[in-house]
file model.csv (CSV, N, CA and C atoms)
chain,number,residue,atom,x,y,z
A,28,MET,N,-25.9,12.3,-3.0
A,28,MET,CA,-25.6,12.1,-4.4
A,28,MET,C,-24.2,12.7,-4.7
A,29,SER,N,-23.4,11.9,-5.2
A,29,SER,CA,-22.0,12.3,-5.6
A,29,SER,C,-22.0,13.1,-6.8
A,30,GLU,N,-21.0,14.0,-7.0
A,30,GLU,CA,-21.0,14.8,-8.2
A,30,GLU,C,-19.7,14.4,-9.0
A,31,THR,N,-19.4,13.1,-9.1
A,31,THR,CA,-18.3,12.7,-9.8
A,31,THR,C,-18.6,12.8,-11.3
A,32,THR,N,-17.8,13.4,-12.1
A,32,THR,CA,-17.9,13.4,-13.5
A,32,THR,C,-16.7,12.9,-14.2
A,33,THR,N,-16.8,12.4,-15.4
A,33,THR,CA,-15.7,11.9,-16.1
A,33,THR,C,-15.6,12.6,-17.5
A,34,GLN,N,-14.4,12.7,-18.0
A,34,GLN,CA,-14.3,13.1,-19.4
A,34,GLN,C,-14.2,11.9,-20.2
A,35,ALA,N,-15.2,11.7,-21.1
A,35,ALA,CA,-15.3,10.4,-21.8
A,35,ALA,C,-15.3,10.7,-23.3
A,36,PRO,N,-14.2,10.4,-24.0
A,36,PRO,CA,-14.1,10.7,-25.4
A,36,PRO,C,-15.1,10.0,-26.3
A,37,GLN,N,-15.7,8.9,-25.7
A,37,GLN,CA,-16.7,8.2,-26.5
A,37,GLN,C,-18.1,8.8,-26.4
A,38,ALA,N,-18.3,9.8,-25.7
A,38,ALA,CA,-19.6,10.5,-25.6
A,38,ALA,C,-20.0,11.1,-26.9
A,39,ALA,N,-21.2,11.6,-27.0
A,39,ALA,CA,-21.7,12.2,-28.2
A,39,ALA,C,-20.9,13.5,-28.5
A,40,VAL,N,-21.0,14.0,-29.8
A,40,VAL,CA,-20.4,15.1,-30.3
A,40,VAL,C,-21.4,16.2,-30.6
A,41,LEU,N,-21.1,17.4,-30.3
A,41,LEU,CA,-22.0,18.6,-30.6
A,41,LEU,C,-21.3,19.4,-31.7
A,42,THR,N,-21.9,19.6,-32.8
A,42,THR,CA,-21.3,20.3,-33.9
A,42,THR,C,-21.2,21.8,-33.6
A,43,GLU,N,-20.4,22.6,-34.3
A,43,GLU,CA,-20.2,24.0,-34.1
A,43,GLU,C,-21.6,24.7,-34.2
A,44,THR,N,-22.4,24.3,-35.2
A,44,THR,CA,-23.7,24.9,-35.5
A,44,THR,C,-24.6,24.7,-34.3
A,45,ALA,N,-24.6,23.5,-33.8
A,45,ALA,CA,-25.5,23.1,-32.6
A,45,ALA,C,-25.0,23.9,-31.4
A,46,ALA,N,-23.7,23.9,-31.2
A,46,ALA,CA,-23.2,24.6,-30.0
A,46,ALA,C,-23.5,26.1,-30.0
A,47,ALA,N,-23.5,26.7,-31.2
A,47,ALA,CA,-23.8,28.1,-31.4
A,47,ALA,C,-25.3,28.3,-31.1
A,48,LYS,N,-26.2,27.4,-31.5
A,48,LYS,CA,-27.6,27.5,-31.2
A,48,LYS,C,-27.9,27.4,-29.7
A,49,VAL,N,-27.2,26.4,-29.1
A,49,VAL,CA,-27.4,26.2,-27.7
A,49,VAL,C,-26.9,27.5,-26.9
A,50,LYS,N,-25.8,28.1,-27.3
A,50,LYS,CA,-25.3,29.3,-26.7
A,50,LYS,C,-26.4,30.4,-26.8
A,51,ALA,N,-26.9,30.5,-28.0
A,51,ALA,CA,-27.9,31.6,-28.3
A,51,ALA,C,-29.2,31.4,-27.4
A,52,LEU,N,-29.6,30.1,-27.3
A,52,LEU,CA,-30.8,29.8,-26.4
A,52,LEU,C,-30.5,30.1,-25.0
A,53,LEU,N,-29.3,29.8,-24.5
A,53,LEU,CA,-28.9,30.1,-23.1
A,53,LEU,C,-28.8,31.6,-22.9
A,54,ASP,N,-28.3,32.3,-23.8
A,54,ASP,CA,-28.2,33.8,-23.7
A,54,ASP,C,-29.6,34.4,-23.6
A,55,GLN,N,-30.5,33.9,-24.5
A,55,GLN,CA,-31.9,34.4,-24.4
A,55,GLN,C,-32.5,34.2,-23.0
A,56,GLU,N,-32.2,33.1,-22.4
A,56,GLU,CA,-32.7,32.7,-21.1
A,56,GLU,C,-32.0,33.5,-20.0
A,57,GLY,N,-30.8,34.0,-20.3
A,57,GLY,CA,-30.0,34.6,-19.3
A,57,GLY,C,-29.4,33.7,-18.3
A,58,ARG,N,-29.2,32.4,-18.7
A,58,ARG,CA,-28.7,31.4,-17.8
A,58,ARG,C,-27.3,30.9,-18.3
A,59,ASP,N,-26.4,30.9,-17.3
A,59,ASP,CA,-25.1,30.4,-17.6
A,59,ASP,C,-24.7,29.2,-16.8
A,60,ASP,N,-25.8,28.7,-16.0
A,60,ASP,CA,-25.6,27.6,-15.1
A,60,ASP,C,-26.1,26.3,-15.7
A,61,LEU,N,-26.6,26.3,-16.9
A,61,LEU,CA,-27.2,25.2,-17.5
A,61,LEU,C,-26.3,24.5,-18.5
A,62,ARG,N,-26.5,23.2,-18.6
A,62,ARG,CA,-25.7,22.4,-19.6
A,62,ARG,C,-26.7,21.6,-20.5
A,63,LEU,N,-26.3,21.3,-21.7
A,63,LEU,CA,-27.2,20.5,-22.5
A,63,LEU,C,-27.0,19.0,-22.2
A,64,ARG,N,-28.1,18.4,-21.8
A,64,ARG,CA,-28.1,17.0,-21.5
A,64,ARG,C,-28.8,16.2,-22.6
A,65,ILE,N,-28.2,15.1,-23.0
A,65,ILE,CA,-28.8,14.1,-23.9
A,65,ILE,C,-28.9,12.8,-23.2
A,66,ALA,N,-30.0,12.2,-23.3
A,66,ALA,CA,-30.3,10.9,-22.6
A,66,ALA,C,-31.0,10.0,-23.5
A,67,VAL,N,-30.9,8.7,-23.3
A,67,VAL,CA,-31.7,7.7,-24.0
A,67,VAL,C,-32.7,7.1,-23.0
A,68,GLN,N,-33.9,7.0,-23.3
A,68,GLN,CA,-35.0,6.5,-22.5
A,68,GLN,C,-35.8,5.5,-23.2
A,69,PRO,N,-36.3,4.5,-22.5
A,69,PRO,CA,-37.3,3.6,-23.1
A,69,PRO,C,-38.5,4.3,-23.6
A,70,GLY,N,-39.0,3.9,-24.8
A,70,GLY,CA,-40.2,4.5,-25.3
A,70,GLY,C,-40.2,4.7,-26.8
A,71,GLY,N,-41.2,5.2,-27.3
A,71,GLY,CA,-41.3,5.4,-28.8
A,71,GLY,C,-41.7,4.1,-29.4
A,72,CYS,N,-42.0,4.1,-30.7
A,72,CYS,CA,-42.5,2.9,-31.4
A,72,CYS,C,-41.3,2.0,-31.8
A,73,SER,N,-40.1,2.4,-31.6
A,73,SER,CA,-38.9,1.5,-31.9
A,73,SER,C,-38.2,1.0,-30.7
A,74,GLY,N,-38.7,1.5,-29.5
A,74,GLY,CA,-38.1,1.0,-28.3
A,74,GLY,C,-37.3,2.0,-27.4
A,75,LEU,N,-36.6,2.9,-28.1
A,75,LEU,CA,-35.8,3.9,-27.4
A,75,LEU,C,-36.0,5.2,-28.0
A,76,ARG,N,-35.9,6.3,-27.1
A,76,ARG,CA,-36.1,7.6,-27.7
A,76,ARG,C,-35.1,8.5,-27.0
A,77,TYR,N,-34.7,9.6,-27.7
A,77,TYR,CA,-33.8,10.6,-27.2
A,77,TYR,C,-34.5,11.6,-26.4
A,78,GLN,N,-33.8,12.1,-25.4
A,78,GLN,CA,-34.3,13.3,-24.6
A,78,GLN,C,-33.1,14.3,-24.7
A,79,LEU,N,-33.4,15.5,-25.1
A,79,LEU,CA,-32.4,16.5,-25.2
A,79,LEU,C,-33.0,17.7,-24.5
A,80,PHE,N,-32.3,18.2,-23.4
A,80,PHE,CA,-32.9,19.2,-22.6
A,80,PHE,C,-31.7,19.9,-21.8
A,81,PHE,N,-32.1,21.1,-21.3
A,81,PHE,CA,-31.1,21.9,-20.5
A,81,PHE,C,-31.2,21.4,-19.0
A,82,ASP,N,-30.1,21.2,-18.4
A,82,ASP,CA,-30.1,20.7,-17.0
A,82,ASP,C,-29.0,21.4,-16.2
A,83,GLU,N,-29.3,21.6,-14.9
A,83,GLU,CA,-28.3,22.2,-14.0
A,83,GLU,C,-27.8,21.1,-13.1
A,84,ARG,N,-28.3,19.9,-13.2
A,84,ARG,CA,-27.8,18.8,-12.3
A,84,ARG,C,-26.5,18.2,-12.7
A,85,SER,N,-25.8,17.6,-11.7
A,85,SER,CA,-24.7,16.8,-12.0
A,85,SER,C,-25.0,15.4,-11.4
A,86,LEU,N,-25.0,14.4,-12.2
A,86,LEU,CA,-25.3,13.1,-11.7
A,86,LEU,C,-24.0,12.2,-11.6
A,87,ASP,N,-24.0,11.3,-10.7
A,87,ASP,CA,-22.9,10.4,-10.6
A,87,ASP,C,-22.6,9.6,-11.9
A,88,GLY,N,-21.4,9.7,-12.4
A,88,GLY,CA,-21.1,9.0,-13.6
A,88,GLY,C,-21.3,9.7,-14.9
A,89,ASP,N,-21.8,11.0,-14.8
A,89,ASP,CA,-22.0,11.8,-16.0
A,89,ASP,C,-20.7,11.9,-16.8
A,90,ALA,N,-20.8,11.8,-18.1
A,90,ALA,CA,-19.8,12.1,-19.1
A,90,ALA,C,-20.0,13.5,-19.5
A,91,VAL,N,-19.0,14.3,-19.4
A,91,VAL,CA,-19.1,15.8,-19.7
A,91,VAL,C,-18.1,16.1,-20.8
A,92,GLU,N,-18.5,16.8,-21.8
A,92,GLU,CA,-17.6,17.3,-22.9
A,92,GLU,C,-17.9,18.7,-23.1
A,93,ASP,N,-16.9,19.5,-23.4
A,93,ASP,CA,-17.1,20.9,-23.7
A,93,ASP,C,-16.9,21.1,-25.2
A,94,PHE,N,-17.9,21.8,-25.8
A,94,PHE,CA,-17.9,22.1,-27.2
A,94,PHE,C,-18.1,23.6,-27.4
A,95,ASP,N,-17.1,24.4,-27.7
A,95,ASP,CA,-17.1,25.8,-27.9
A,95,ASP,C,-17.8,26.5,-26.7
A,96,GLY,N,-17.5,26.1,-25.5
A,96,GLY,CA,-18.1,26.7,-24.3
A,96,GLY,C,-19.4,26.2,-23.9
A,97,VAL,N,-19.9,25.2,-24.6
A,97,VAL,CA,-21.2,24.5,-24.2
A,97,VAL,C,-20.9,23.2,-23.7
A,98,GLN,N,-21.3,22.9,-22.5
A,98,GLN,CA,-21.1,21.6,-21.9
A,98,GLN,C,-22.2,20.6,-22.3
A,99,LEU,N,-21.8,19.5,-22.9
A,99,LEU,CA,-22.7,18.4,-23.3
A,99,LEU,C,-22.6,17.3,-22.2
A,100,VAL,N,-23.7,16.9,-21.6
A,100,VAL,CA,-23.7,15.9,-20.6
A,100,VAL,C,-24.4,14.7,-21.0
A,101,VAL,N,-23.8,13.5,-20.8
A,101,VAL,CA,-24.5,12.2,-21.0
A,101,VAL,C,-24.4,11.4,-19.8
A,102,ASP,N,-25.6,10.9,-19.3
A,102,ASP,CA,-25.6,10.0,-18.1
A,102,ASP,C,-24.9,8.7,-18.5
A,103,ARG,N,-24.4,8.0,-17.4
A,103,ARG,CA,-23.6,6.8,-17.6
A,103,ARG,C,-24.4,5.7,-18.3
A,104,MET,N,-25.7,5.6,-18.1
A,104,MET,CA,-26.5,4.6,-18.7
A,104,MET,C,-26.7,4.8,-20.2
A,105,SER,N,-26.6,6.1,-20.6
A,105,SER,CA,-26.9,6.4,-22.0
A,105,SER,C,-25.6,6.4,-22.9
A,106,VAL,N,-24.5,6.5,-22.2
A,106,VAL,CA,-23.2,6.6,-23.0
A,106,VAL,C,-23.1,5.5,-24.0
A,107,PRO,N,-23.3,4.2,-23.7
A,107,PRO,CA,-23.1,3.2,-24.7
A,107,PRO,C,-24.0,3.3,-25.9
A,108,TYR,N,-25.2,3.9,-25.7
A,108,TYR,CA,-26.2,4.1,-26.9
A,108,TYR,C,-25.8,5.3,-27.7
A,109,LEU,N,-25.0,6.2,-27.1
A,109,LEU,CA,-24.7,7.5,-27.8
A,109,LEU,C,-23.3,7.6,-28.3
A,110,SER,N,-22.5,6.6,-28.0
A,110,SER,CA,-21.1,6.6,-28.4
A,110,SER,C,-20.9,6.9,-29.9
A,111,GLY,N,-20.3,8.0,-30.3
A,111,GLY,CA,-20.1,8.3,-31.7
A,111,GLY,C,-21.2,9.1,-32.3
A,112,ALA,N,-22.3,9.4,-31.6
A,112,ALA,CA,-23.4,10.1,-32.1
A,112,ALA,C,-23.0,11.6,-32.3
A,113,THR,N,-23.6,12.2,-33.3
A,113,THR,CA,-23.4,13.6,-33.6
A,113,THR,C,-24.7,14.4,-33.5
A,114,ILE,N,-24.7,15.5,-32.7
A,114,ILE,CA,-25.9,16.3,-32.5
A,114,ILE,C,-25.6,17.6,-33.3
A,115,ASP,N,-26.5,17.9,-34.2
A,115,ASP,CA,-26.4,19.0,-35.1
A,115,ASP,C,-27.7,19.9,-35.0
A,116,PHE,N,-27.6,21.1,-35.6
A,116,PHE,CA,-28.8,21.9,-35.6
A,116,PHE,C,-29.0,22.3,-37.1
A,117,VAL,N,-30.2,22.0,-37.6
A,117,VAL,CA,-30.5,22.4,-39.0
A,117,VAL,C,-31.6,23.4,-39.0
A,118,ASP,N,-31.5,24.3,-40.0
A,118,ASP,CA,-32.5,25.4,-40.2
A,118,ASP,C,-32.8,25.5,-41.7
A,119,THR,N,-33.7,24.7,-42.2
A,119,THR,CA,-34.0,24.8,-43.6
A,119,THR,C,-35.5,25.0,-43.7
A,120,ILE,N,-36.0,25.1,-45.0
A,120,ILE,CA,-37.4,25.3,-45.2
A,120,ILE,C,-38.2,24.1,-44.7
A,121,GLU,N,-37.6,22.9,-44.9
A,121,GLU,CA,-38.3,21.6,-44.5
A,121,GLU,C,-38.2,21.3,-43.1
A,122,LYS,N,-37.2,21.7,-42.4
A,122,LYS,CA,-37.0,21.3,-41.0
A,122,LYS,C,-36.2,22.3,-40.2
A,123,GLN,N,-36.5,22.5,-39.0
A,123,GLN,CA,-35.7,23.3,-38.1
A,123,GLN,C,-35.7,22.6,-36.7
A,124,GLY,N,-34.5,22.4,-36.2
A,124,GLY,CA,-34.3,21.8,-34.9
A,124,GLY,C,-33.0,21.0,-34.8
A,125,PHE,N,-32.9,20.4,-33.7
A,125,PHE,CA,-31.7,19.6,-33.4
A,125,PHE,C,-31.9,18.2,-34.1
A,126,THR,N,-30.8,17.7,-34.6
A,126,THR,CA,-30.9,16.3,-35.2
A,126,THR,C,-29.8,15.5,-34.5
A,127,ILE,N,-30.0,14.2,-34.5
A,127,ILE,CA,-29.1,13.3,-33.9
A,127,ILE,C,-28.7,12.2,-34.9
A,128,GLU,N,-27.5,12.1,-35.3
A,128,GLU,CA,-27.0,11.1,-36.2
A,128,GLU,C,-26.3,10.1,-35.3
A,129,ASN,N,-26.8,8.9,-35.2
A,129,ASN,CA,-26.3,7.9,-34.3
A,129,ASN,C,-25.9,6.6,-35.0
A,130,PRO,N,-24.6,6.3,-35.0
A,130,PRO,CA,-24.2,5.0,-35.7
A,130,PRO,C,-24.6,3.8,-34.9
A,131,ASN,N,-25.1,3.9,-33.7
A,131,ASN,CA,-25.5,2.8,-32.9
A,131,ASN,C,-26.9,2.4,-33.1
A,132,ALA,N,-27.7,3.2,-33.8
A,132,ALA,CA,-29.1,2.9,-34.1
A,132,ALA,C,-29.2,2.0,-35.3
A,133,THR,N,-29.7,0.8,-35.0
A,133,THR,CA,-29.8,-0.2,-36.1
A,133,THR,C,-31.1,0.0,-36.9
A,134,GLY,N,-32.0,0.8,-36.4
A,134,GLY,CA,-33.2,1.1,-37.1
A,134,GLY,C,-34.0,2.2,-36.4
A,135,SER,N,-34.9,2.8,-37.1
A,135,SER,CA,-35.8,3.8,-36.4
A,135,SER,C,-37.2,3.7,-37.0
A,136,CYS,N,-38.1,4.4,-36.3
A,136,CYS,CA,-39.5,4.4,-36.8
A,136,CYS,C,-39.6,5.5,-37.9
A,137,ALA,N,-40.8,5.4,-38.5
A,137,ALA,CA,-41.1,6.3,-39.6
A,137,ALA,C,-41.1,7.8,-39.2
A,138,CYS,N,-41.5,8.1,-38.0
A,138,CYS,CA,-41.6,9.5,-37.5
A,138,CYS,C,-40.2,10.0,-37.1
A,139,GLY,N,-39.2,9.1,-36.9
A,139,GLY,CA,-37.9,9.5,-36.6
A,139,GLY,C,-37.6,9.9,-35.1
A,140,ASP,N,-38.6,9.7,-34.3
A,140,ASP,CA,-38.5,10.0,-32.9
A,140,ASP,C,-37.9,9.0,-32.0
A,141,SER,N,-37.8,7.7,-32.5
A,141,SER,CA,-37.3,6.7,-31.7
A,141,SER,C,-36.4,5.7,-32.5
A,142,PHE,N,-35.6,4.9,-31.8
A,142,PHE,CA,-34.7,4.0,-32.6
A,142,PHE,C,-34.5,2.7,-31.8
A,143,HIS,N,-33.8,1.8,-32.4
A,143,HIS,CA,-33.4,0.6,-31.7
A,143,HIS,C,-32.1,0.1,-32.2

call {"tool": "encode", "arguments": {"input": "model.csv", "output": "structure tokens"}}
result
Amino acid sequence: MSETTTQAPQAAVLTETAAAKVKALLDQEGRDDLRLRIAVQPGGCSGLRYQLFFDERSLDGDAVEDFDGVQLVVDRMSVPYLSGATIDFVDTIEKQGFTIENPNATGSCACGDSFH
């Protein structure tokens, strides 16, 4: 497996708030070898769903961006679906967690977990 990575300006964007939360989570775990990976997978009631997780792997064709010291990784198959997407972190009474605002999603399901 090759470890070729590219800097792709069209990859997703991580807000300062989200980057700070990711840093805090990694500090809690005591891990500095992990990166935040976002991927699009088939599934959900609208056809596609997001996967957001920590990963130590480097895959061939990964797009890697650095946001305030946090590396955001998008696999080459997911880049077209995530071009221009913004990953944020919200902490309100109604909702806490990472959110993804994606201009490529033409619709989503009522639960908000998948899109098309």

call {"tool": "atom_distance", "arguments": {"input": "model.csv", "atom1": "atom N of Arg76 in chain A", "atom2": "atom N of Arg58 in chain A"}}
result
28.2 Å

call {"tool": "atom_distance", "arguments": {"input": "model.csv", "atom1": "atom N of Tyr108 in chain A", "atom2": "CA of Asn131 in chain A"}}
result
7.3 Å

call {"tool": "select_by_dssp", "arguments": {"input": "model.csv", "residues": "chain A", "states": "strand (DSSP E)", "output": "ChimeraX atom specification"}}
result
/A:32-33,40-41,62-69,75-82,89-94,97-101,113-118,123-128,141-142

call {"tool": "write_last_selection", "arguments": {"input": "model.csv", "atoms": "N, CA and C atoms", "output": "CSV table (one decimal), in the frame of the given file"}}
result
chain,number,residue,atom,x,y,z
A,32,THR,N,-17.8,13.4,-12.1
A,32,THR,CA,-17.9,13.4,-13.5
A,32,THR,C,-16.7,12.9,-14.2
A,33,THR,N,-16.8,12.4,-15.4
A,33,THR,CA,-15.7,11.9,-16.1
A,33,THR,C,-15.6,12.6,-17.5
A,40,VAL,N,-21.0,14.0,-29.8
A,40,VAL,CA,-20.4,15.1,-30.3
A,40,VAL,C,-21.4,16.2,-30.6
A,41,LEU,N,-21.1,17.4,-30.3
A,41,LEU,CA,-22.0,18.6,-30.6
A,41,LEU,C,-21.3,19.4,-31.7
A,62,ARG,N,-26.5,23.2,-18.6
A,62,ARG,CA,-25.7,22.4,-19.6
A,62,ARG,C,-26.7,21.6,-20.5
A,63,LEU,N,-26.3,21.3,-21.7
A,63,LEU,CA,-27.2,20.5,-22.5
A,63,LEU,C,-27.0,19.0,-22.2
A,64,ARG,N,-28.1,18.4,-21.8
A,64,ARG,CA,-28.1,17.0,-21.5
A,64,ARG,C,-28.8,16.2,-22.6
A,65,ILE,N,-28.2,15.1,-23.0
A,65,ILE,CA,-28.8,14.1,-23.9
A,65,ILE,C,-28.9,12.8,-23.2
A,66,ALA,N,-30.0,12.2,-23.3
A,66,ALA,CA,-30.3,10.9,-22.6
A,66,ALA,C,-31.0,10.0,-23.5
A,67,VAL,N,-30.9,8.7,-23.3
A,67,VAL,CA,-31.7,7.7,-24.0
A,67,VAL,C,-32.7,7.1,-23.0
A,68,GLN,N,-33.9,7.0,-23.3
A,68,GLN,CA,-35.0,6.5,-22.5
A,68,GLN,C,-35.8,5.5,-23.2
A,69,PRO,N,-36.3,4.5,-22.5
A,69,PRO,CA,-37.3,3.6,-23.1
A,69,PRO,C,-38.5,4.3,-23.6
A,75,LEU,N,-36.6,2.9,-28.1
A,75,LEU,CA,-35.8,3.9,-27.4
A,75,LEU,C,-36.0,5.2,-28.0
A,76,ARG,N,-35.9,6.3,-27.1
A,76,ARG,CA,-36.1,7.6,-27.7
A,76,ARG,C,-35.1,8.5,-27.0
A,77,TYR,N,-34.7,9.6,-27.7
A,77,TYR,CA,-33.8,10.6,-27.2
A,77,TYR,C,-34.5,11.6,-26.4
A,78,GLN,N,-33.8,12.1,-25.4
A,78,GLN,CA,-34.3,13.3,-24.6
A,78,GLN,C,-33.1,14.3,-24.7
A,79,LEU,N,-33.4,15.5,-25.1
A,79,LEU,CA,-32.4,16.5,-25.2
A,79,LEU,C,-33.0,17.7,-24.5
A,80,PHE,N,-32.3,18.2,-23.4
A,80,PHE,CA,-32.9,19.2,-22.6
A,80,PHE,C,-31.7,19.9,-21.8
A,81,PHE,N,-32.1,21.1,-21.3
A,81,PHE,CA,-31.1,21.9,-20.5
A,81,PHE,C,-31.2,21.4,-19.0
A,82,ASP,N,-30.1,21.2,-18.4
A,82,ASP,CA,-30.1,20.7,-17.0
A,82,ASP,C,-29.0,21.4,-16.2
A,89,ASP,N,-21.8,11.0,-14.8
A,89,ASP,CA,-22.0,11.8,-16.0
A,89,ASP,C,-20.7,11.9,-16.8
A,90,ALA,N,-20.8,11.8,-18.1
A,90,ALA,CA,-19.8,12.1,-19.1
A,90,ALA,C,-20.0,13.5,-19.5
A,91,VAL,N,-19.0,14.3,-19.4
A,91,VAL,CA,-19.1,15.8,-19.7
A,91,VAL,C,-18.1,16.1,-20.8
A,92,GLU,N,-18.5,16.8,-21.8
A,92,GLU,CA,-17.6,17.3,-22.9
A,92,GLU,C,-17.9,18.7,-23.1
A,93,ASP,N,-16.9,19.5,-23.4
A,93,ASP,CA,-17.1,20.9,-23.7
A,93,ASP,C,-16.9,21.1,-25.2
A,94,PHE,N,-17.9,21.8,-25.8
A,94,PHE,CA,-17.9,22.1,-27.2
A,94,PHE,C,-18.1,23.6,-27.4
A,97,VAL,N,-19.9,25.2,-24.6
A,97,VAL,CA,-21.2,24.5,-24.2
A,97,VAL,C,-20.9,23.2,-23.7
A,98,GLN,N,-21.3,22.9,-22.5
A,98,GLN,CA,-21.1,21.6,-21.9
A,98,GLN,C,-22.2,20.6,-22.3
A,99,LEU,N,-21.8,19.5,-22.9
A,99,LEU,CA,-22.7,18.4,-23.3
A,99,LEU,C,-22.6,17.3,-22.2
A,100,VAL,N,-23.7,16.9,-21.6
A,100,VAL,CA,-23.7,15.9,-20.6
A,100,VAL,C,-24.4,14.7,-21.0
A,101,VAL,N,-23.8,13.5,-20.8
A,101,VAL,CA,-24.5,12.2,-21.0
A,101,VAL,C,-24.4,11.4,-19.8
A,113,THR,N,-23.6,12.2,-33.3
A,113,THR,CA,-23.4,13.6,-33.6
A,113,THR,C,-24.7,14.4,-33.5
A,114,ILE,N,-24.7,15.5,-32.7
A,114,ILE,CA,-25.9,16.3,-32.5
A,114,ILE,C,-25.6,17.6,-33.3
A,115,ASP,N,-26.5,17.9,-34.2
A,115,ASP,CA,-26.4,19.0,-35.1
A,115,ASP,C,-27.7,19.9,-35.0
A,116,PHE,N,-27.6,21.1,-35.6
A,116,PHE,CA,-28.8,21.9,-35.6
A,116,PHE,C,-29.0,22.3,-37.1
A,117,VAL,N,-30.2,22.0,-37.6
A,117,VAL,CA,-30.5,22.4,-39.0
A,117,VAL,C,-31.6,23.4,-39.0
A,118,ASP,N,-31.5,24.3,-40.0
A,118,ASP,CA,-32.5,25.4,-40.2
A,118,ASP,C,-32.8,25.5,-41.7
A,123,GLN,N,-36.5,22.5,-39.0
A,123,GLN,CA,-35.7,23.3,-38.1
A,123,GLN,C,-35.7,22.6,-36.7
A,124,GLY,N,-34.5,22.4,-36.2
A,124,GLY,CA,-34.3,21.8,-34.9
A,124,GLY,C,-33.0,21.0,-34.8
A,125,PHE,N,-32.9,20.4,-33.7
A,125,PHE,CA,-31.7,19.6,-33.4
A,125,PHE,C,-31.9,18.2,-34.1
A,126,THR,N,-30.8,17.7,-34.6
A,126,THR,CA,-30.9,16.3,-35.2
A,126,THR,C,-29.8,15.5,-34.5
A,127,ILE,N,-30.0,14.2,-34.5
A,127,ILE,CA,-29.1,13.3,-33.9
A,127,ILE,C,-28.7,12.2,-34.9
A,128,GLU,N,-27.5,12.1,-35.3
A,128,GLU,CA,-27.0,11.1,-36.2
A,128,GLU,C,-26.3,10.1,-35.3
A,141,SER,N,-37.8,7.7,-32.5
A,141,SER,CA,-37.3,6.7,-31.7
A,141,SER,C,-36.4,5.7,-32.5
A,142,PHE,N,-35.6,4.9,-31.8
A,142,PHE,CA,-34.7,4.0,-32.6
A,142,PHE,C,-34.5,2.7,-31.8

call {"tool": "residues_around", "arguments": {"input": "model.csv", "residues": "range 96-98 of chain A", "least_positions_apart": "6", "cutoff": "8 Å", "atoms": "only C-alpha atoms", "output": "PyMOL selection string"}}
result
chain A and resi 46+49-50+62-63

call {"tool": "closest_residue", "arguments": {"input": "model.csv", "among": "A:Lys48, A:Arg103, A:Lys122, A:Arg64", "to": "Gly88 in chain A", "atoms": "only N, CA and C atoms"}}
result
A:Arg103

call {"tool": "closest_residue", "arguments": {"input": "model.csv", "among": "A:Asp102, A:Asn129, A:Phe94, A:Ala112", "to": "Glu43 in chain A", "atoms": "only C-alpha atoms"}}
result
A:Phe94

call {"tool": "atom_distance", "arguments": {"input": "model.csv", "atom1": "atom C of Tyr77 in chain A", "atom2": "atom C of Ala39 in chain A"}}
result
13.9 Å
